[in-house]
Amino acid sequence: MSDSGFDMGLEDASQAGVYGVSDGDLGGLAAAARDAGLKVLRVDLEGCIDKRTLLMRIGTQLDFPPGRGRNWDALSDSLRDLSWLPANGYALLFNDANDLRQGSSGDFDTLLDILSETASRWAEDKVPFWAFLELPNAGAGLEVDEDAEEG
């Protein structure tokens, strides 16, 4: 059980992945992730409607080393490394993710693919890597699957 008295199993790398959550859920998830010993990393996607802005915001918020994360492959490589942010696990919290989904659904889908692949890679090393994207009408347990159709 966590310090908050509510155990979500966030320390279980085999359950980690990419999830859509409702508005207002990120604060509680941040607390639960901290209680589980994960490094909490927030990425503000408000007004983010394109790849360039997305990559810049992720790189800035995760303090990527200079020159890293400026294209999809570099983003993937950087998220699979994170050696400059050592931790027992990671929880990435993306607020206002719907702005990107509406502004550039292709970039949104690519981000989901990269996050999902990253979670799988970290799970191989028994390190939990979670990504929570704040989306309207998302249930707290709704997994964002790269194969799912958009509604």
# chains A, B, ... in the order shown; residues from 1 in each chain; ligands from 1

$ select_by_dssp --residues "region 34-143 of chain A" --states "helix (DSSP H, G or I)" --output "count of residues only"
50

$ residues_around --residues "Leu82 (chain A)" --least-positions-apart "5" --cutoff "12 Å" --atoms "only C-alpha atoms" --output "PyMOL selection string"
chain A and resi 39+41+59+62-65+68-69+75-77+87-90+118+122+127+129

$ closest_residue --among "A:Asn98, A:Arg80, A:Ala74, A:Gly37" --to "Asp12 (chain A)" --atoms "only C-alpha atoms"
A:Gly37

$ closest_residue --among "A:Met8, A:Val18, A:Leu100, A:Ala36" --to "Leu112 (chain A)" --atoms "only C-alpha atoms"
A:Val18

$ atom_distance --atom1 "CA of Lys51 (chain A)" --atom2 "CA of Val21 (chain A)"
21.7 Å

$ closest_residue --among "A:Phe108, A:Phe94, A:Trp84, A:Trp72" --to "Gly24 (chain A)" --atoms "only C-alpha atoms"
A:Phe94

$ select_by_dssp --residues "region 17-147 of chain A" --states "strand (DSSP E)" --output "short mmCIF file (atom, residue, chain, number, x, y, z; two decimals) with all heavy atoms, in the first residue's frame"
data_model
loop_
_atom_site.label_atom_id
_atom_site.label_comp_id
_atom_site.auth_asym_id
_atom_site.auth_seq_id
_atom_site.Cartn_x
_atom_site.Cartn_y
_atom_site.Cartn_z
N VAL A 18 0.25 3.17 -21.84
CA VAL A 18 -0.25 4.49 -22.23
C VAL A 18 -1.75 4.51 -21.97
O VAL A 18 -2.47 3.64 -22.48
CB VAL A 18 0.05 4.77 -23.71
CG1 VAL A 18 -0.42 6.17 -24.10
CG2 VAL A 18 1.54 4.59 -24.01
N TYR A 19 -2.20 5.50 -21.21
CA TYR A 19 -3.60 5.57 -20.82
C TYR A 19 -4.15 6.97 -20.99
O TYR A 19 -3.48 7.96 -20.69
CB TYR A 19 -3.76 5.15 -19.35
CG TYR A 19 -3.43 3.69 -19.12
CD1 TYR A 19 -2.13 3.28 -18.87
CD2 TYR A 19 -4.42 2.72 -19.18
CE1 TYR A 19 -1.81 1.96 -18.68
CE2 TYR A 19 -4.13 1.39 -18.99
CZ TYR A 19 -2.82 1.02 -18.74
OH TYR A 19 -2.52 -0.32 -18.56
N GLY A 20 -5.39 7.05 -21.43
CA GLY A 20 -6.11 8.30 -21.46
C GLY A 20 -6.83 8.47 -20.14
O GLY A 20 -7.39 7.51 -19.60
N VAL A 21 -6.78 9.67 -19.59
CA VAL A 21 -7.45 9.97 -18.33
C VAL A 21 -8.28 11.23 -18.48
O VAL A 21 -8.03 12.06 -19.35
CB VAL A 21 -6.45 10.12 -17.16
CG1 VAL A 21 -5.69 8.81 -16.93
CG2 VAL A 21 -5.49 11.27 -17.39
N LYS A 39 9.47 8.64 -10.85
CA LYS A 39 9.77 10.04 -11.19
C LYS A 39 8.60 10.55 -12.02
O LYS A 39 8.25 9.97 -13.04
CB LYS A 39 11.07 10.15 -11.97
CG LYS A 39 11.41 11.60 -12.32
CD LYS A 39 12.76 11.74 -12.95
CE LYS A 39 13.90 11.61 -12.00
NZ LYS A 39 14.06 12.66 -11.01
N VAL A 40 7.98 11.62 -11.57
CA VAL A 40 6.83 12.22 -12.24
C VAL A 40 7.33 13.34 -13.14
O VAL A 40 8.03 14.25 -12.69
CB VAL A 40 5.80 12.75 -11.23
CG1 VAL A 40 4.66 13.46 -11.94
CG2 VAL A 40 5.28 11.61 -10.35
N LEU A 41 6.97 13.25 -14.41
CA LEU A 41 7.38 14.24 -15.41
C LEU A 41 6.13 14.77 -16.10
O LEU A 41 5.38 13.99 -16.69
CB LEU A 41 8.33 13.59 -16.42
CG LEU A 41 9.58 12.96 -15.80
CD1 LEU A 41 10.21 11.97 -16.75
CD2 LEU A 41 10.56 14.05 -15.41
N ARG A 42 5.91 16.05 -16.00
CA ARG A 42 4.73 16.66 -16.61
C ARG A 42 5.09 17.33 -17.93
O ARG A 42 6.12 17.98 -18.03
CB ARG A 42 4.12 17.69 -15.67
CG ARG A 42 3.50 17.08 -14.42
CD ARG A 42 2.89 18.17 -13.55
NE ARG A 42 2.21 17.62 -12.42
CZ ARG A 42 0.89 17.39 -12.38
NH1 ARG A 42 0.14 17.69 -13.42
NH2 ARG A 42 0.33 16.88 -11.31
N VAL A 43 4.20 17.16 -18.91
CA VAL A 43 4.38 17.80 -20.21
C VAL A 43 3.09 18.54 -20.54
O VAL A 43 2.02 17.94 -20.64
CB VAL A 43 4.70 16.77 -21.32
CG1 VAL A 43 4.89 17.47 -22.65
CG2 VAL A 43 5.94 15.96 -20.96
N ASP A 44 3.21 19.86 -20.67
CA ASP A 44 2.07 20.71 -20.97
C ASP A 44 1.83 20.73 -22.48
O ASP A 44 2.66 21.21 -23.24
CB ASP A 44 2.35 22.12 -20.46
CG ASP A 44 1.22 23.10 -20.73
OD1 ASP A 44 0.14 22.66 -21.18
OD2 ASP A 44 1.41 24.29 -20.47
N TYR A 90 9.00 5.65 -14.21
CA TYR A 90 8.62 6.96 -14.72
C TYR A 90 7.12 7.05 -14.94
O TYR A 90 6.48 6.08 -15.35
CB TYR A 90 9.33 7.24 -16.06
CG TYR A 90 10.83 7.15 -15.94
CD1 TYR A 90 11.49 5.94 -16.15
CD2 TYR A 90 11.57 8.26 -15.57
CE1 TYR A 90 12.87 5.86 -16.01
CE2 TYR A 90 12.95 8.18 -15.44
CZ TYR A 90 13.59 6.98 -15.65
OH TYR A 90 14.95 6.88 -15.51
N ALA A 91 6.58 8.23 -14.70
CA ALA A 91 5.19 8.54 -15.01
C ALA A 91 5.18 9.87 -15.75
O ALA A 91 5.49 10.91 -15.17
CB ALA A 91 4.35 8.63 -13.75
N LEU A 92 4.86 9.82 -17.04
CA LEU A 92 4.74 11.03 -17.85
C LEU A 92 3.28 11.44 -17.85
O LEU A 92 2.41 10.63 -18.18
CB LEU A 92 5.21 10.78 -19.28
CG LEU A 92 6.71 10.92 -19.55
CD1 LEU A 92 7.50 9.89 -18.77
CD2 LEU A 92 6.98 10.81 -21.02
N LEU A 93 3.03 12.68 -17.49
CA LEU A 93 1.67 13.21 -17.41
C LEU A 93 1.52 14.31 -18.44
O LEU A 93 2.17 15.35 -18.33
CB LEU A 93 1.39 13.75 -16.01
CG LEU A 93 1.71 12.82 -14.84
CD1 LEU A 93 1.43 13.51 -13.52
CD2 LEU A 93 0.92 11.52 -14.95
N PHE A 94 0.68 14.07 -19.43
CA PHE A 94 0.46 15.03 -20.51
C PHE A 94 -0.89 15.70 -20.32
O PHE A 94 -1.93 15.06 -20.49
CB PHE A 94 0.46 14.32 -21.87
CG PHE A 94 1.77 13.71 -22.26
CD1 PHE A 94 2.09 12.42 -21.87
CD2 PHE A 94 2.67 14.42 -23.04
CE1 PHE A 94 3.30 11.84 -22.25
CE2 PHE A 94 3.88 13.85 -23.42
CZ PHE A 94 4.20 12.56 -23.02
N ASN A 95 -0.89 16.97 -19.95
CA ASN A 95 -2.17 17.66 -19.84
C ASN A 95 -2.60 18.20 -21.21
O ASN A 95 -1.76 18.41 -22.10
CB ASN A 95 -2.12 18.79 -18.80
CG ASN A 95 -1.27 19.95 -19.24
OD1 ASN A 95 -0.06 19.83 -19.32
ND2 ASN A 95 -1.92 21.08 -19.51
N PHE A 129 7.11 2.31 -16.86
CA PHE A 129 7.06 3.55 -17.64
C PHE A 129 5.61 3.76 -18.03
O PHE A 129 5.05 3.01 -18.83
CB PHE A 129 7.94 3.44 -18.90
CG PHE A 129 7.95 4.69 -19.74
CD1 PHE A 129 8.95 5.64 -19.59
CD2 PHE A 129 6.96 4.92 -20.69
CE1 PHE A 129 8.96 6.79 -20.37
CE2 PHE A 129 6.96 6.06 -21.47
CZ PHE A 129 7.96 7.00 -21.31
N TRP A 130 5.01 4.75 -17.42
CA TRP A 130 3.60 5.08 -17.65
C TRP A 130 3.50 6.40 -18.39
O TRP A 130 4.28 7.32 -18.14
CB TRP A 130 2.88 5.24 -16.31
CG TRP A 130 2.86 4.02 -15.46
CD1 TRP A 130 3.82 3.62 -14.57
CD2 TRP A 130 1.83 3.05 -15.40
NE1 TRP A 130 3.44 2.45 -13.97
CE2 TRP A 130 2.22 2.09 -14.45
CE3 TRP A 130 0.60 2.91 -16.04
CZ2 TRP A 130 1.43 0.99 -14.13
CZ3 TRP A 130 -0.18 1.82 -15.73
CH2 TRP A 130 0.22 0.87 -14.79
N ALA A 131 2.51 6.50 -19.25
CA ALA A 131 2.17 7.77 -19.88
C ALA A 131 0.67 7.96 -19.74
O ALA A 131 -0.11 7.09 -20.13
CB ALA A 131 2.57 7.78 -21.35
N PHE A 132 0.29 9.05 -19.13
CA PHE A 132 -1.12 9.39 -18.94
C PHE A 132 -1.41 10.66 -19.73
O PHE A 132 -0.77 11.68 -19.51
CB PHE A 132 -1.44 9.60 -17.46
CG PHE A 132 -1.25 8.36 -16.63
CD1 PHE A 132 -0.12 8.21 -15.84
CD2 PHE A 132 -2.19 7.35 -16.66
CE1 PHE A 132 0.06 7.08 -15.07
CE2 PHE A 132 -2.03 6.20 -15.89
CZ PHE A 132 -0.90 6.06 -15.09
N LEU A 133 -2.39 10.56 -20.63
CA LEU A 133 -2.75 11.70 -21.47
C LEU A 133 -4.14 12.19 -21.09
O LEU A 133 -5.11 11.42 -21.14
CB LEU A 133 -2.73 11.30 -22.95
CG LEU A 133 -1.34 10.97 -23.49
CD1 LEU A 133 -1.09 9.48 -23.42
CD2 LEU A 133 -1.20 11.46 -24.89
N GLU A 134 -4.23 13.44 -20.70
CA GLU A 134 -5.49 14.04 -20.32
C GLU A 134 -6.32 14.29 -21.58
O GLU A 134 -5.91 15.06 -22.46
CB GLU A 134 -5.22 15.34 -19.58
CG GLU A 134 -6.45 16.01 -19.03
CD GLU A 134 -6.08 17.30 -18.33
OE1 GLU A 134 -5.53 18.20 -18.98
OE2 GLU A 134 -6.36 17.39 -17.12
N LEU A 142 -9.07 3.71 -19.20
CA LEU A 142 -9.11 3.57 -20.66
C LEU A 142 -7.70 3.56 -21.20
O LEU A 142 -6.98 4.54 -21.13
CB LEU A 142 -9.89 4.73 -21.28
CG LEU A 142 -9.91 4.80 -22.80
CD1 LEU A 142 -10.66 3.61 -23.38
CD2 LEU A 142 -10.53 6.09 -23.27
N GLU A 143 -7.28 2.42 -21.74
CA GLU A 143 -5.94 2.34 -22.33
C GLU A 143 -5.99 2.88 -23.73
O GLU A 143 -6.89 2.57 -24.51
CB GLU A 143 -5.43 0.90 -22.34
CG GLU A 143 -4.01 0.82 -22.84
CD GLU A 143 -3.37 -0.53 -22.64
OE1 GLU A 143 -4.05 -1.46 -22.19
OE2 GLU A 143 -2.18 -0.64 -22.94
#

$ atom_distance --atom1 "CA of Arg34 (chain A)" --atom2 "CA of Glu46 (chain A)"
23.5 Å

$ atom_distance --atom1 "CA of Ser120 (chain A)" --atom2 "CA of Thr53 (chain A)"
25.3 Å
